[in-house]
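Below is start_27.txt, holding compact mmCIF, N, CA and C atoms.
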# COMPACT_ATOMS: atom_id res chain seq x y z
N MET A 1020 273.10 195.27 182.88
CA MET A 1020 273.77 196.51 183.19
C MET A 1020 275.26 196.41 182.91
N LYS A 1021 275.86 195.23 183.20
CA LYS A 1021 277.28 195.05 182.96
C LYS A 1021 277.60 195.16 181.47
N ASN A 1022 276.75 194.57 180.64
CA ASN A 1022 276.99 194.63 179.20
C ASN A 1022 276.88 196.05 178.68
N TYR A 1023 275.93 196.80 179.21
CA TYR A 1023 275.77 198.19 178.79
C TYR A 1023 277.01 199.00 179.16
N PHE A 1024 277.51 198.80 180.37
CA PHE A 1024 278.70 199.54 180.82
C PHE A 1024 279.92 199.15 179.98
N ALA A 1025 280.11 197.88 179.70
CA ALA A 1025 281.24 197.42 178.88
C ALA A 1025 281.14 197.99 177.47
N PHE A 1026 279.94 197.98 176.89
CA PHE A 1026 279.75 198.55 175.56
C PHE A 1026 280.04 200.04 175.55
N PHE A 1027 279.54 200.74 176.56
CA PHE A 1027 279.76 202.19 176.67
C PHE A 1027 281.25 202.50 176.81
N LEU A 1028 281.95 201.75 177.67
CA LEU A 1028 283.39 201.96 177.87
C LEU A 1028 284.16 201.68 176.58
N PHE A 1029 283.82 200.60 175.90
CA PHE A 1029 284.48 200.26 174.64
C PHE A 1029 284.26 201.36 173.60
N THR A 1030 283.04 201.88 173.51
CA THR A 1030 282.73 202.94 172.56
C THR A 1030 283.54 204.20 172.84
N ILE A 1031 283.64 204.57 174.11
CA ILE A 1031 284.42 205.76 174.49
C ILE A 1031 285.89 205.56 174.15
N LEU A 1032 286.46 204.43 174.51
CA LEU A 1032 287.88 204.17 174.23
C LEU A 1032 288.15 204.12 172.73
N PHE A 1033 287.26 203.53 171.97
CA PHE A 1033 287.42 203.46 170.52
C PHE A 1033 287.39 204.86 169.91
N THR A 1034 286.47 205.68 170.37
CA THR A 1034 286.35 207.05 169.86
C THR A 1034 287.60 207.87 170.19
N ILE A 1035 288.10 207.74 171.40
CA ILE A 1035 289.30 208.48 171.80
C ILE A 1035 290.51 208.02 171.00
N SER A 1036 290.65 206.72 170.82
CA SER A 1036 291.83 206.22 170.10
C SER A 1036 291.82 206.67 168.64
N ASN A 1037 290.66 206.81 168.05
CA ASN A 1037 290.58 207.27 166.67
C ASN A 1037 290.70 208.78 166.53
N ALA A 1038 290.61 209.49 167.64
CA ALA A 1038 290.70 210.95 167.60
C ALA A 1038 292.14 211.44 167.57
N PHE A 1039 293.08 210.60 167.98
CA PHE A 1039 294.48 211.02 167.99
C PHE A 1039 295.01 211.08 166.56
N PRO A 1040 295.77 212.13 166.25
CA PRO A 1040 296.32 212.23 164.90
C PRO A 1040 297.37 211.15 164.65
N VAL A 1041 297.36 210.65 163.47
CA VAL A 1041 298.33 209.63 163.07
C VAL A 1041 299.22 210.26 162.01
N SER A 1042 300.52 210.22 162.27
CA SER A 1042 301.42 210.77 161.26
C SER A 1042 301.84 209.64 160.33
N LEU A 1043 301.63 209.85 159.07
CA LEU A 1043 302.01 208.86 158.08
C LEU A 1043 303.45 209.08 157.66
N LEU A 1044 304.19 208.00 157.59
CA LEU A 1044 305.57 208.08 157.14
C LEU A 1044 305.59 207.94 155.63
N ARG A 1045 306.37 208.78 155.00
CA ARG A 1045 306.51 208.67 153.56
C ARG A 1045 307.44 207.51 153.26
N ARG A 1046 306.98 206.63 152.43
CA ARG A 1046 307.79 205.48 152.04
C ARG A 1046 308.15 205.63 150.58
N ASP A 1047 309.43 205.82 150.35
CA ASP A 1047 309.90 206.01 148.99
C ASP A 1047 310.25 204.67 148.36
N VAL A 1048 309.73 204.45 147.19
CA VAL A 1048 310.06 203.25 146.43
C VAL A 1048 311.13 203.64 145.42
N PHE A 1049 312.22 202.92 145.43
CA PHE A 1049 313.36 203.21 144.57
C PHE A 1049 313.47 202.10 143.54
N VAL A 1050 313.34 202.45 142.28
CA VAL A 1050 313.41 201.48 141.19
C VAL A 1050 314.54 201.92 140.25
N PRO A 1051 315.79 201.63 140.62
CA PRO A 1051 316.90 202.08 139.78
C PRO A 1051 317.00 201.27 138.49
N PRO A 1052 317.13 201.94 137.35
CA PRO A 1052 317.26 201.20 136.09
C PRO A 1052 318.61 200.48 136.01
N ILE A 1053 318.56 199.24 135.56
CA ILE A 1053 319.79 198.46 135.38
C ILE A 1053 320.47 198.93 134.10
N THR A 1054 321.75 199.27 134.20
CA THR A 1054 322.50 199.76 133.04
C THR A 1054 323.43 198.71 132.44
N TYR A 1055 323.73 197.65 133.19
CA TYR A 1055 324.52 196.53 132.66
C TYR A 1055 324.09 195.29 133.41
N PRO A 1056 323.75 194.26 132.69
CA PRO A 1056 323.95 193.97 131.28
C PRO A 1056 322.94 194.69 130.39
N THR A 1057 323.33 194.82 129.12
CA THR A 1057 322.47 195.43 128.11
C THR A 1057 321.96 194.34 127.17
N ASN A 1058 321.17 194.73 126.19
CA ASN A 1058 320.61 193.73 125.26
C ASN A 1058 321.63 193.14 124.30
N THR A 1059 322.84 193.69 124.25
CA THR A 1059 323.90 193.13 123.39
C THR A 1059 324.93 192.33 124.19
N THR A 1060 324.71 192.20 125.48
CA THR A 1060 325.66 191.52 126.36
C THR A 1060 325.59 190.01 126.20
N VAL A 1061 326.76 189.37 126.23
CA VAL A 1061 326.85 187.91 126.24
C VAL A 1061 327.72 187.52 127.43
N TRP A 1062 327.17 186.70 128.32
CA TRP A 1062 327.91 186.18 129.46
C TRP A 1062 328.16 184.69 129.24
N ASN A 1063 329.27 184.20 129.80
CA ASN A 1063 329.59 182.79 129.75
C ASN A 1063 329.62 182.23 131.17
N LYS A 1064 329.16 180.99 131.32
CA LYS A 1064 329.08 180.38 132.65
C LYS A 1064 330.43 180.48 133.36
N GLY A 1065 330.37 180.77 134.66
CA GLY A 1065 331.58 180.84 135.48
C GLY A 1065 332.26 182.20 135.50
N GLU A 1066 331.94 183.08 134.57
CA GLU A 1066 332.55 184.41 134.56
C GLU A 1066 331.97 185.26 135.70
N VAL A 1067 332.73 186.28 136.09
CA VAL A 1067 332.25 187.24 137.08
C VAL A 1067 332.01 188.56 136.36
N HIS A 1068 330.82 189.13 136.56
CA HIS A 1068 330.46 190.41 135.94
C HIS A 1068 329.91 191.34 137.01
N ASN A 1069 330.14 192.62 136.82
CA ASN A 1069 329.58 193.63 137.71
C ASN A 1069 328.25 194.12 137.14
N VAL A 1070 327.17 193.74 137.79
CA VAL A 1070 325.85 194.27 137.44
C VAL A 1070 325.83 195.72 137.90
N THR A 1071 325.36 196.62 137.05
CA THR A 1071 325.33 198.04 137.43
C THR A 1071 323.92 198.61 137.24
N TRP A 1072 323.62 199.61 138.06
CA TRP A 1072 322.33 200.29 137.99
C TRP A 1072 322.53 201.75 138.37
N ASP A 1073 321.61 202.59 137.94
CA ASP A 1073 321.71 204.04 138.13
C ASP A 1073 321.10 204.44 139.48
N VAL A 1074 321.93 205.02 140.35
CA VAL A 1074 321.46 205.46 141.67
C VAL A 1074 321.33 206.97 141.76
N SER A 1075 321.43 207.66 140.62
CA SER A 1075 321.42 209.13 140.65
C SER A 1075 320.08 209.72 141.09
N GLN A 1076 319.01 208.98 140.97
CA GLN A 1076 317.69 209.47 141.36
C GLN A 1076 317.20 208.84 142.67
N ALA A 1077 318.13 208.37 143.49
CA ALA A 1077 317.74 207.72 144.74
C ALA A 1077 317.10 208.72 145.70
N PRO A 1078 315.98 208.36 146.32
CA PRO A 1078 315.37 209.24 147.30
C PRO A 1078 316.19 209.24 148.60
N VAL A 1079 315.91 210.22 149.44
CA VAL A 1079 316.65 210.34 150.70
C VAL A 1079 316.36 209.16 151.61
N ASN A 1080 315.10 208.81 151.74
CA ASN A 1080 314.70 207.70 152.62
C ASN A 1080 314.20 206.54 151.77
N ILE A 1081 314.93 205.45 151.84
CA ILE A 1081 314.56 204.26 151.08
C ILE A 1081 314.00 203.23 152.06
N THR A 1082 312.87 202.66 151.72
CA THR A 1082 312.21 201.71 152.60
C THR A 1082 313.09 200.48 152.85
N ASN A 1083 313.67 199.92 151.80
CA ASN A 1083 314.50 198.73 151.94
C ASN A 1083 315.79 198.94 151.17
N LYS A 1084 316.90 199.11 151.88
CA LYS A 1084 318.19 199.38 151.24
C LYS A 1084 318.95 198.12 150.86
N PHE A 1085 318.44 196.97 151.20
CA PHE A 1085 319.17 195.73 150.93
C PHE A 1085 318.71 195.13 149.61
N GLY A 1086 319.68 194.88 148.73
CA GLY A 1086 319.36 194.41 147.40
C GLY A 1086 319.51 192.91 147.23
N ARG A 1087 318.90 192.43 146.16
CA ARG A 1087 319.00 191.04 145.75
C ARG A 1087 318.96 191.02 144.23
N ILE A 1088 319.78 190.16 143.63
CA ILE A 1088 319.77 189.99 142.18
C ILE A 1088 319.42 188.54 141.89
N GLN A 1089 318.38 188.37 141.06
CA GLN A 1089 317.95 187.03 140.65
C GLN A 1089 317.88 186.96 139.14
N LEU A 1090 317.89 185.74 138.66
CA LEU A 1090 317.84 185.49 137.22
C LEU A 1090 316.39 185.29 136.80
N ARG A 1091 316.06 185.80 135.62
CA ARG A 1091 314.70 185.70 135.06
C ARG A 1091 314.80 185.09 133.67
N SER A 1092 313.87 184.20 133.37
CA SER A 1092 313.87 183.55 132.06
C SER A 1092 312.44 183.22 131.65
N GLY A 1093 312.11 183.48 130.40
CA GLY A 1093 310.78 183.15 129.89
C GLY A 1093 309.65 183.85 130.63
N GLY A 1094 309.91 185.05 131.12
CA GLY A 1094 308.87 185.81 131.82
C GLY A 1094 308.69 185.44 133.28
N LEU A 1095 309.54 184.55 133.80
CA LEU A 1095 309.43 184.13 135.20
C LEU A 1095 310.76 184.34 135.92
N THR A 1096 310.68 184.80 137.15
CA THR A 1096 311.88 184.94 137.97
C THR A 1096 312.23 183.57 138.53
N THR A 1097 313.47 183.14 138.31
CA THR A 1097 313.92 181.83 138.77
C THR A 1097 314.31 181.91 140.25
N PRO A 1098 314.46 180.78 140.92
CA PRO A 1098 314.90 180.80 142.31
C PRO A 1098 316.41 181.05 142.46
N LEU A 1099 317.13 181.19 141.35
CA LEU A 1099 318.58 181.41 141.42
C LEU A 1099 318.89 182.81 141.95
N ILE A 1100 319.46 182.87 143.13
CA ILE A 1100 319.87 184.15 143.72
C ILE A 1100 321.35 184.34 143.41
N LEU A 1101 321.65 185.37 142.63
CA LEU A 1101 323.03 185.63 142.23
C LEU A 1101 323.76 186.49 143.25
N ALA A 1102 323.02 187.32 143.98
CA ALA A 1102 323.60 188.17 145.03
C ALA A 1102 322.49 188.56 145.98
N ASP A 1103 322.84 188.77 147.25
CA ASP A 1103 321.81 189.09 148.24
C ASP A 1103 322.43 189.87 149.40
N GLY A 1104 321.66 190.80 149.96
CA GLY A 1104 322.07 191.50 151.17
C GLY A 1104 323.01 192.67 150.97
N PHE A 1105 323.22 193.13 149.76
CA PHE A 1105 324.13 194.25 149.51
C PHE A 1105 323.36 195.57 149.57
N ASP A 1106 324.09 196.67 149.72
CA ASP A 1106 323.50 198.01 149.77
C ASP A 1106 323.07 198.42 148.37
N ILE A 1107 321.79 198.68 148.19
CA ILE A 1107 321.24 199.03 146.88
C ILE A 1107 321.84 200.33 146.35
N LEU A 1108 322.37 201.17 147.23
CA LEU A 1108 322.95 202.45 146.81
C LEU A 1108 324.37 202.32 146.26
N LEU A 1109 324.94 201.11 146.28
CA LEU A 1109 326.28 200.91 145.72
C LEU A 1109 326.30 201.16 144.21
N GLY A 1110 325.23 200.82 143.53
CA GLY A 1110 325.16 201.03 142.08
C GLY A 1110 325.85 199.96 141.27
N THR A 1111 326.52 199.04 141.91
CA THR A 1111 327.18 197.94 141.20
C THR A 1111 327.41 196.80 142.18
N TYR A 1112 327.37 195.57 141.66
CA TYR A 1112 327.66 194.42 142.51
C TYR A 1112 328.08 193.26 141.62
N PRO A 1113 329.15 192.53 142.03
CA PRO A 1113 329.63 191.42 141.21
C PRO A 1113 328.77 190.16 141.37
N VAL A 1114 328.57 189.47 140.26
CA VAL A 1114 327.87 188.19 140.28
C VAL A 1114 328.65 187.19 139.44
N THR A 1115 328.55 185.94 139.82
CA THR A 1115 329.14 184.86 139.03
C THR A 1115 328.04 184.27 138.15
N VAL A 1116 328.34 184.14 136.87
CA VAL A 1116 327.36 183.63 135.92
C VAL A 1116 327.10 182.15 136.23
N PRO A 1117 325.84 181.80 136.48
CA PRO A 1117 325.53 180.41 136.82
C PRO A 1117 325.55 179.50 135.59
N TRP A 1118 325.63 178.22 135.86
CA TRP A 1118 325.59 177.23 134.80
C TRP A 1118 324.12 176.93 134.51
N VAL A 1119 323.63 177.56 133.47
CA VAL A 1119 322.24 177.39 133.05
C VAL A 1119 322.21 177.01 131.58
N ILE A 1120 321.07 176.64 131.09
CA ILE A 1120 320.93 176.33 129.66
C ILE A 1120 321.15 177.60 128.86
N THR A 1121 321.92 177.51 127.79
CA THR A 1121 322.18 178.66 126.93
C THR A 1121 320.85 179.27 126.47
N GLY A 1122 320.76 180.59 126.60
CA GLY A 1122 319.52 181.25 126.19
C GLY A 1122 319.48 182.71 126.57
N GLU A 1123 318.30 183.29 126.42
CA GLU A 1123 318.07 184.69 126.74
C GLU A 1123 317.57 184.81 128.17
N TYR A 1124 318.17 185.72 128.91
CA TYR A 1124 317.83 185.91 130.32
C TYR A 1124 317.72 187.39 130.63
N GLN A 1125 317.16 187.68 131.80
CA GLN A 1125 317.14 189.02 132.37
C GLN A 1125 317.58 188.90 133.82
N LEU A 1126 318.03 190.01 134.38
CA LEU A 1126 318.29 190.07 135.81
C LEU A 1126 317.16 190.85 136.46
N VAL A 1127 316.83 190.47 137.68
CA VAL A 1127 315.86 191.21 138.48
C VAL A 1127 316.62 191.80 139.66
N LEU A 1128 316.53 193.11 139.81
CA LEU A 1128 317.16 193.80 140.93
C LEU A 1128 316.07 194.14 141.93
N PHE A 1129 316.12 193.48 143.08
CA PHE A 1129 315.14 193.73 144.14
C PHE A 1129 315.76 194.64 145.18
N GLY A 1130 314.97 195.53 145.70
CA GLY A 1130 315.28 196.39 146.83
C GLY A 1130 313.93 196.75 147.38
N ASP A 1131 313.53 197.98 147.19
CA ASP A 1131 312.15 198.39 147.49
C ASP A 1131 311.20 197.72 146.51
N SER A 1132 311.68 197.53 145.34
CA SER A 1132 310.84 197.08 144.25
C SER A 1132 311.70 196.20 143.35
N GLY A 1133 311.11 195.55 142.41
CA GLY A 1133 311.89 194.75 141.47
C GLY A 1133 311.84 195.37 140.10
N ASN A 1134 312.97 195.39 139.44
CA ASN A 1134 312.98 195.86 138.06
C ASN A 1134 313.89 194.95 137.25
N PHE A 1135 313.68 194.93 135.95
CA PHE A 1135 314.34 193.97 135.09
C PHE A 1135 315.37 194.64 134.20
N SER A 1136 316.43 193.88 133.93
CA SER A 1136 317.40 194.32 132.94
C SER A 1136 316.84 194.00 131.55
N PRO A 1137 317.47 194.55 130.51
CA PRO A 1137 317.11 194.08 129.17
C PRO A 1137 317.49 192.60 129.03
N GLU A 1138 316.90 191.92 128.08
CA GLU A 1138 317.30 190.53 127.83
C GLU A 1138 318.72 190.50 127.30
N PHE A 1139 319.49 189.51 127.75
CA PHE A 1139 320.85 189.31 127.29
C PHE A 1139 321.09 187.81 127.21
N THR A 1140 322.22 187.43 126.64
CA THR A 1140 322.50 186.01 126.40
C THR A 1140 323.45 185.45 127.45
N ILE A 1141 323.14 184.26 127.92
CA ILE A 1141 324.08 183.49 128.74
C ILE A 1141 324.41 182.22 127.99
N ASN A 1142 325.71 182.01 127.78
CA ASN A 1142 326.20 180.76 127.20
C ASN A 1142 326.49 179.81 128.35
N GLY A 1143 325.66 178.83 128.51
CA GLY A 1143 325.82 177.86 129.59
C GLY A 1143 325.98 176.48 129.01
N SER A 1144 325.11 175.60 129.43
CA SER A 1144 325.16 174.24 128.90
C SER A 1144 324.25 174.15 127.68
N PRO A 1145 324.54 173.21 126.79
CA PRO A 1145 323.66 173.04 125.63
C PRO A 1145 322.29 172.54 126.08
N GLN A 1146 321.29 172.79 125.25
CA GLN A 1146 319.92 172.38 125.60
C GLN A 1146 319.71 170.90 125.46

Show me, as structure tokens, the structure contained in the file I just sent.
Amino acid sequence: MKNYFAFFLFTILFTISNAFPVSLLRRDVFVPPITYPTNTTVWNKGEVHNVTWDVSQAPVNITNKFGRIQLRSGGLTTPLILADGFDILLGTYPVTVPWVITGEYQLVLFGDSGNFSPEFTINGSPQ
């Protein structure tokens, strides 16, 4: 009898809890295109450059407003964090060019989502 009562009570509570309306929050994903660096850009190790991106299409409510910029090479995002914790709505943020092997790189701008810059050249150390 105890098991029947417990099962009955659980069934009633489960039914009631599922009957309440749930309001879904709209979560806007913001993927601003990176406007600098471009595919003709050349950076040299130790220089400071302002990475820029277009914020003109930013939604009103952004799920994650804190940005991060990382370096990408050969189709993989590296662990090198060039900037972190800035407001994604700034549209620009300075980074110092790391000492890496000379080659073609991309930047990854993380916020709600990650997006890539065009490939550009970094002159670092020889291979």

- Message: List the spatial neighbours of segment 1063-1065 of chain A as a PyMOL selection string - criterion: any atom at most 6.5 Å away, only N, CA and C atoms, same-chain residues fewer than 5 positions off excluded.
- Response: chain A and resi 1115-1119+1140-1143

Limited to N, CA and C atoms, could you put the picked residues into a file as a compact mmCIF listing (two decimals), in the coordinates of the input?
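Written output follows (out-v6.txt):
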# COMPACT_ATOMS: atom_id res chain seq x y z
N THR A 1115 328.55 185.94 139.82
CA THR A 1115 329.14 184.86 139.03
C THR A 1115 328.04 184.27 138.15
N VAL A 1116 328.34 184.14 136.87
CA VAL A 1116 327.36 183.63 135.92
C VAL A 1116 327.10 182.15 136.23
N PRO A 1117 325.84 181.80 136.48
CA PRO A 1117 325.53 180.41 136.82
C PRO A 1117 325.55 179.50 135.59
N TRP A 1118 325.63 178.22 135.86
CA TRP A 1118 325.59 177.23 134.80
C TRP A 1118 324.12 176.93 134.51
N VAL A 1119 323.63 177.56 133.47
CA VAL A 1119 322.24 177.39 133.05
C VAL A 1119 322.21 177.01 131.58
N THR A 1140 322.22 187.43 126.64
CA THR A 1140 322.50 186.01 126.40
C THR A 1140 323.45 185.45 127.45
N ILE A 1141 323.14 184.26 127.92
CA ILE A 1141 324.08 183.49 128.74
C ILE A 1141 324.41 182.22 127.99
N ASN A 1142 325.71 182.01 127.78
CA ASN A 1142 326.20 180.76 127.20
C ASN A 1142 326.49 179.81 128.35
N GLY A 1143 325.66 178.83 128.51
CA GLY A 1143 325.82 177.86 129.59
C GLY A 1143 325.98 176.48 129.01

- Which of A:Tyr1124, A:Glu1066, A:Leu1108, A:Ala1077 sits closest to Arg1091 of chain A [using only N, CA and C atoms]: A:Tyr1124

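Using all atoms listed in the file, the smallest distance between any of A:Asn1134, A:Phe1105, A:Glu1123, A:Val1048 and Ile1081 of chain A comes from A:Val1048.
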
- Calculate how many Å separate atom N of Thr1097 of chain A from atom CA of Val1074 of chain A, rounding to one decimal.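 These atoms are spaced 23.9 Å apart.
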
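In this model, the gap between atom CA of Thr1121 of chain A and atom N of Ala1102 of chain A comes to 19.1 Å.
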
- Could you state the separation of atom CA of Lys1084 of chain A and atom N of Gly1130 of chain A in Å, given to one decimal place?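 Answer for the atom CA of Lys1084 of chain A to atom N of Gly1130 of chain A separation: 7.5 Å.
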
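The shortest atom-to-atom distance to Pro1078 of chain A, with only C-alpha atoms taken into account, belongs to A:Phe1049 out of A:Phe1129, A:Tyr1112, A:Phe1049, A:Phe1139.
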
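Counting all atoms listed in the file, the residue from A:Val1114, A:Thr1082, A:Ile1120, A:Gly1133 that sits nearest to Pro1145 of chain A is A:Ile1120.
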
- Which residues come within 8 Å of Gly1104 of chain A, counting all atoms listed in the file, excluding same-chain residues fewer than 3 positions away, as a list in words? Lys1084, Phe1085, Gly1086, Arg1087, Ile1088 and Ile1107 of chain A

Enclose segment 1086-1104 of chain A, meaning all of its atoms listed in the file, in a box aligned along x, y and z, pad it by 8 Å on each side, and list the centre and edge lengths in Å to one decimal, as AutoDock Vina command-line options.
--center_x 316.2 --center_y 187.8 --center_z 140.5 --size_x 31.1 --size_y 30.1 --size_z 37.3

- 6 Å contact set for segment 1136-1138 of chain A, all atoms listed in the file, chain neighbours under 6 positions out, as a ChimeraX atom specification: /A:1053,1056-1058,1123-1128
